[in-house]
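This is protein-v1.csv. It holds CSV, C-alpha atoms.
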```
chain,number,residue,atom,x,y,z
A,1,MET,CA,89.7,96.5,76.5
A,2,PRO,CA,89.5,97.8,80.2
A,3,ASP,CA,88.9,95.0,82.7
A,4,GLU,CA,86.2,97.1,84.4
A,5,ILE,CA,84.0,96.8,81.3
A,6,ILE,CA,84.2,93.0,81.5
A,7,ILE,CA,83.9,92.9,85.3
A,8,ASN,CA,80.6,94.9,85.0
A,9,LYS,CA,79.2,92.3,82.7
A,10,ILE,CA,79.7,89.4,85.2
A,11,PHE,CA,76.6,88.7,87.2
A,12,TYR,CA,75.9,86.3,90.1
A,13,ILE,CA,72.8,84.1,89.3
A,14,ARG,CA,71.9,80.7,90.8
A,15,ASP,CA,75.0,80.9,93.0
A,16,GLN,CA,77.3,81.2,89.9
A,17,LYS,CA,79.3,83.9,88.2
A,18,VAL,CA,77.8,84.2,84.7
A,19,MET,CA,77.8,86.4,81.6
A,20,LEU,CA,74.9,87.2,79.3
A,21,ASP,CA,75.0,86.0,75.7
A,22,SER,CA,74.4,89.5,74.4
A,23,ASP,CA,77.2,90.9,76.5
A,24,LEU,CA,79.6,88.2,75.2
A,25,ALA,CA,78.5,88.7,71.7
A,26,GLY,CA,79.2,92.5,72.0
A,27,LEU,CA,82.7,91.7,73.4
A,28,TYR,CA,83.4,89.3,70.6
A,29,GLY,CA,82.2,91.7,68.0
A,30,VAL,CA,79.3,89.5,66.7
A,31,GLU,CA,75.5,89.8,66.9
A,32,THR,CA,73.8,87.8,69.7
A,33,ARG,CA,71.9,85.9,67.0
A,34,VAL,CA,75.2,84.8,65.4
A,35,LEU,CA,76.6,83.7,68.8
A,36,ASN,CA,73.5,81.7,69.6
A,37,GLN,CA,73.6,80.0,66.2
A,38,ALA,CA,77.2,78.9,66.7
A,39,ILE,CA,76.2,77.5,70.1
A,40,ASN,CA,73.2,75.7,68.7
A,41,ARG,CA,75.4,74.1,66.0
A,42,ASN,CA,77.7,72.9,68.9
A,43,ILE,CA,75.1,72.4,71.6
A,44,ASP,CA,76.9,69.2,72.9
A,45,ARG,CA,79.7,71.4,74.1
A,46,PHE,CA,77.4,73.4,76.4
A,47,PRO,CA,75.9,71.2,79.2
A,48,SER,CA,73.7,72.9,81.8
A,49,ASP,CA,76.7,73.7,84.1
A,50,PHE,CA,78.3,75.6,81.2
A,51,MET,CA,75.2,77.5,79.9
A,52,PHE,CA,71.6,77.9,80.9
A,53,GLN,CA,68.6,80.0,80.0
A,54,LEU,CA,67.3,82.6,82.5
A,55,SER,CA,63.8,82.3,83.8
A,56,ASP,CA,61.3,85.1,83.3
A,57,ARG,CA,61.8,86.1,86.9
A,58,GLU,CA,65.6,86.1,86.7
A,59,TRP,CA,65.5,88.2,83.5
A,60,ALA,CA,62.9,90.6,85.0
A,61,ASN,CA,65.1,91.0,88.1
A,62,LEU,CA,68.2,91.6,86.0
A,63,LYS,CA,66.4,94.2,83.8
A,64,SER,CA,65.1,96.0,86.8
A,65,GLN,CA,68.6,96.2,88.4
A,66,PHE,CA,70.2,97.7,85.3
A,67,VAL,CA,67.2,99.6,83.9
A,68,ILE,CA,67.2,97.7,80.6
A,69,SER,CA,64.3,98.6,78.4
A,70,SER,CA,61.3,96.2,78.8
A,71,TRP,CA,60.1,96.6,75.2
A,72,GLY,CA,61.8,95.9,71.9
A,73,GLY,CA,65.0,93.9,71.6
A,74,ARG,CA,64.9,90.3,72.7
A,75,ARG,CA,62.1,87.9,71.9
A,76,THR,CA,63.5,85.0,73.9
A,77,LEU,CA,65.0,84.7,77.3
A,78,PRO,CA,68.8,85.2,77.3
A,79,PHE,CA,71.3,82.4,77.8
A,80,VAL,CA,74.0,82.9,80.4
A,81,PHE,CA,77.5,81.3,80.4
A,82,THR,CA,79.4,80.2,83.5
A,83,GLU,CA,83.2,80.4,83.5
A,84,HIS,CA,83.5,77.0,81.8
A,85,GLY,CA,80.9,78.0,79.2
A,86,VAL,CA,82.9,81.1,78.4
A,87,LEU,CA,86.0,79.0,78.0
A,88,MET,CA,84.1,76.6,75.7
A,89,LEU,CA,83.0,79.6,73.5
A,90,SER,CA,86.6,80.0,72.4
A,91,SER,CA,86.3,76.6,70.6
A,92,VAL,CA,83.1,77.7,68.9
A,93,LEU,CA,84.1,81.3,67.9
A,94,ASN,CA,87.5,81.2,66.3
A,95,SER,CA,88.1,84.9,65.4
A,96,LYS,CA,91.2,86.7,66.8
A,97,GLN,CA,89.0,89.1,68.7
A,98,ALA,CA,87.1,86.2,70.3
A,99,ILE,CA,90.3,84.5,71.4
A,100,GLN,CA,91.8,87.7,72.9
A,101,VAL,CA,88.5,88.6,74.7
A,102,ASN,CA,88.3,85.0,76.0
A,103,ILE,CA,91.8,85.1,77.4
A,104,GLN,CA,91.0,88.4,79.2
A,105,VAL,CA,87.7,87.1,80.5
A,106,MET,CA,89.4,83.9,81.8
A,107,ARG,CA,92.0,86.0,83.6
A,108,ILE,CA,89.2,88.1,85.2
A,109,PHE,CA,87.3,85.1,86.4
A,110,THR,CA,90.5,83.7,87.9
A,111,ARG,CA,91.1,87.0,89.7
A,112,ILE,CA,87.6,87.1,91.0
A,113,ARG,CA,88.0,83.5,92.3
A,114,GLN,CA,91.3,84.4,94.0
A,115,MET,CA,89.7,87.5,95.6
A,116,PHE,CA,86.9,85.3,96.9
A,117,MET,CA,89.4,82.8,98.3
A,118,ASP,CA,91.4,85.6,100.0
A,119,ASN,CA,88.2,86.9,101.4
A,120,THR,CA,87.2,83.5,102.7
A,121,GLU,CA,90.6,83.1,104.4
A,122,LEU,CA,90.2,86.5,106.0
A,123,ARG,CA,86.8,85.5,107.3
A,124,LEU,CA,88.2,82.3,108.8
A,125,GLU,CA,91.0,84.2,110.5
A,126,ILE,CA,88.5,86.7,112.0
A,127,GLU,CA,86.4,83.7,113.3
A,128,LYS,CA,89.5,82.3,114.9
A,129,ILE,CA,90.1,85.6,116.7
A,130,LYS,CA,86.5,85.8,117.8
A,131,THR,CA,86.7,82.3,119.2
A,132,LYS,CA,89.8,83.2,121.1
A,133,LEU,CA,88.2,86.4,122.5
A,134,ASP,CA,85.1,84.5,123.5
A,135,ASN,CA,87.3,82.0,125.4
A,136,GLN,CA,89.2,84.8,127.0
A,137,ASP,CA,85.9,86.4,128.1
A,138,LYS,CA,84.8,83.1,129.6
A,139,ASN,CA,88.1,82.8,131.4
A,140,MET,CA,87.9,86.3,132.7
A,141,GLU,CA,84.4,85.6,134.0
A,142,VAL,CA,85.8,82.6,136.0
A,143,VAL,CA,88.6,84.7,137.4
A,144,PHE,CA,86.2,87.4,138.5
A,145,ARG,CA,83.8,84.9,140.0
A,146,TYR,CA,86.7,83.4,142.1
A,147,LEU,CA,87.8,86.9,143.2
A,148,ASP,CA,84.2,87.7,144.3
A,149,GLU,CA,84.1,84.4,146.3
A,150,LEU,CA,87.4,85.3,147.9
A,151,LEU,CA,86.2,88.8,148.8
A,152,GLU,CA,82.9,87.3,150.3
A,153,LYS,CA,84.9,84.9,152.4
A,154,LYS,CA,87.2,87.7,153.6
A,155,GLU,CA,84.3,90.0,154.5
A,156,GLU,CA,82.5,87.4,156.7
A,157,PRO,CA,83.3,88.4,160.3
A,158,LYS,CA,85.1,85.8,162.3
A,159,PRO,CA,84.1,85.2,165.8
A,160,ARG,CA,86.3,87.3,168.1
A,161,LYS,CA,88.2,85.8,170.9
A,162,ARG,CA,87.5,87.5,174.2
A,163,ILE,CA,90.3,89.0,176.0
A,164,GLY,CA,90.5,88.7,179.7
A,165,TYR,CA,89.0,86.3,182.1
A,166,LYS,CA,85.9,84.2,181.6
A,167,SER,CA,83.0,84.5,183.9
A,168,ASP,CA,80.1,82.1,184.0
A,169,ASN,CA,77.7,84.8,185.3
A,170,LEU,CA,77.5,86.8,182.2
```
Hey, can you dump this file as structure tokens for me?
Amino acid sequence: MPDEIIINKIFYIRDQKVMLDSDLAGLYGVETRVLNQAINRNIDRFPSDFMFQLSDREWANLKSQFVISSWGGRRTLPFVFTEHGVLMLSSVLNSKQAIQVNIQVMRIFTRIRQMFMDNTELRLEIEKIKTKLDNQDKNMEVVFRYLDELLEKKEEPKPRKRIGYKSDNL
């Protein structure tokens, strides 16, 4: 299965990368109802940091972003699975297809995490450069201020010494 298909099924909700139960069921080749039944039989394996149910607002927002039909289909709000929840699904669904898809999904999550870390490192380097440039700007300002002061001192006329003899009458 092309990685792009899986990548397009990963969403960012509640500051976490998650996948919808219906998308995972489709990837595993089972009905969403079957996936959710397997989860309910093993609910202890899925704490809230592994799986949670979307709120009405989150679901409406997701549907509006991807033009999902608002009628028919689901009667309940979908469950979403974090990276750990997807990993736990491999212990609940034991088909060859589920195992292969899980391996691929885990690799993609790892790649996304690495891209995020690389991006963070790049941002930190940019911030270091900005700080150095700010400091250089401040140093340049000081240098120009001193030069201005030196020019002002140089421009002030010094009293001239008179040449010749001194007369008290003048």
Residues of region 8-57 of chain A at most 12 Å from region 102-110 of chain A: nearest atom pair and distance in Å, only C-alpha atoms, as a tab-separated table:
```
residue	atom	partner	partner_atom	distance
A:Asn8	CA	A:Ile108	CA	11.0
A:Lys9	CA	A:Val105	CA	10.2
A:Ile10	CA	A:Phe109	CA	8.8
A:Phe11	CA	A:Phe109	CA	11.3
A:Gln16	CA	A:Phe109	CA	11.3
A:Lys17	CA	A:Phe109	CA	8.3
A:Val18	CA	A:Phe109	CA	9.7
A:Met19	CA	A:Val105	CA	10.0
A:Asp23	CA	A:Val105	CA	11.9
A:Leu24	CA	A:Asn102	CA	9.3
A:Ala25	CA	A:Asn102	CA	11.3
A:Leu27	CA	A:Asn102	CA	9.1
A:Tyr28	CA	A:Asn102	CA	8.5
```
I'd like the interatomic distance between CA of Arg57 (chain A) and CA of Val86 (chain A), to a tenth of an Å.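 According to the coordinates, CA of Arg57 (chain A) and CA of Val86 (chain A) are separated by 23.3 Å.
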Counting only C-alpha atoms, which residue out of A:Asn36, A:Thr76, A:Ser90, A:Gln100 sits closest to Ser55 (chain A)?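 Closest residue, counting only C-alpha atoms: A:Thr76.
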Here is a test: counting all atoms listed in the file, which residue of A:Ile39, A:Ile126, A:Ile5, A:Met140 is nearest to Phe81 (chain A)?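 Closest to Phe81 (chain A) of all the choices is A:Ile39.
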Pick from A:Asn61, A:Gly29, A:Val80, A:Arg74: nearest to Gln97 (chain A), with all atoms listed in the file counted?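 Of A:Asn61, A:Gly29, A:Val80, A:Arg74, the one nearest Gln97 (chain A) is A:Gly29, counting all atoms listed in the file.
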Would you compute, for all listed atoms of region 118-126 of chain A, the axis-aligned bounding box grown by 4 Å on each side, and then report its centre and edge lengths in Å rounded to one decimal, as lines of an AutoDock Vina configuration file?
```
center_x = 89.1
center_y = 84.6
center_z = 106.0
size_x = 12.6
size_y = 12.6
size_z = 20.0
```
Interatomic distance, CA of Thr82 (chain A) to CA of Arg113 (chain A) (Å, one decimal):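 Result for CA of Thr82 (chain A) versus CA of Arg113 (chain A): 12.7 Å, one decimal.
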CA of Glu141 (chain A) to CA of Leu122 (chain A), straight-line distance in Å: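 Between CA of Leu122 (chain A) and CA of Glu141 (chain A) the gap works out to 28.6 Å.
The closest residue to Ser22 (chain A), picked from A:Pro47, A:Pro78, A:Asp3, A:Leu150 and counting all atoms listed in the file, is A:Pro78.
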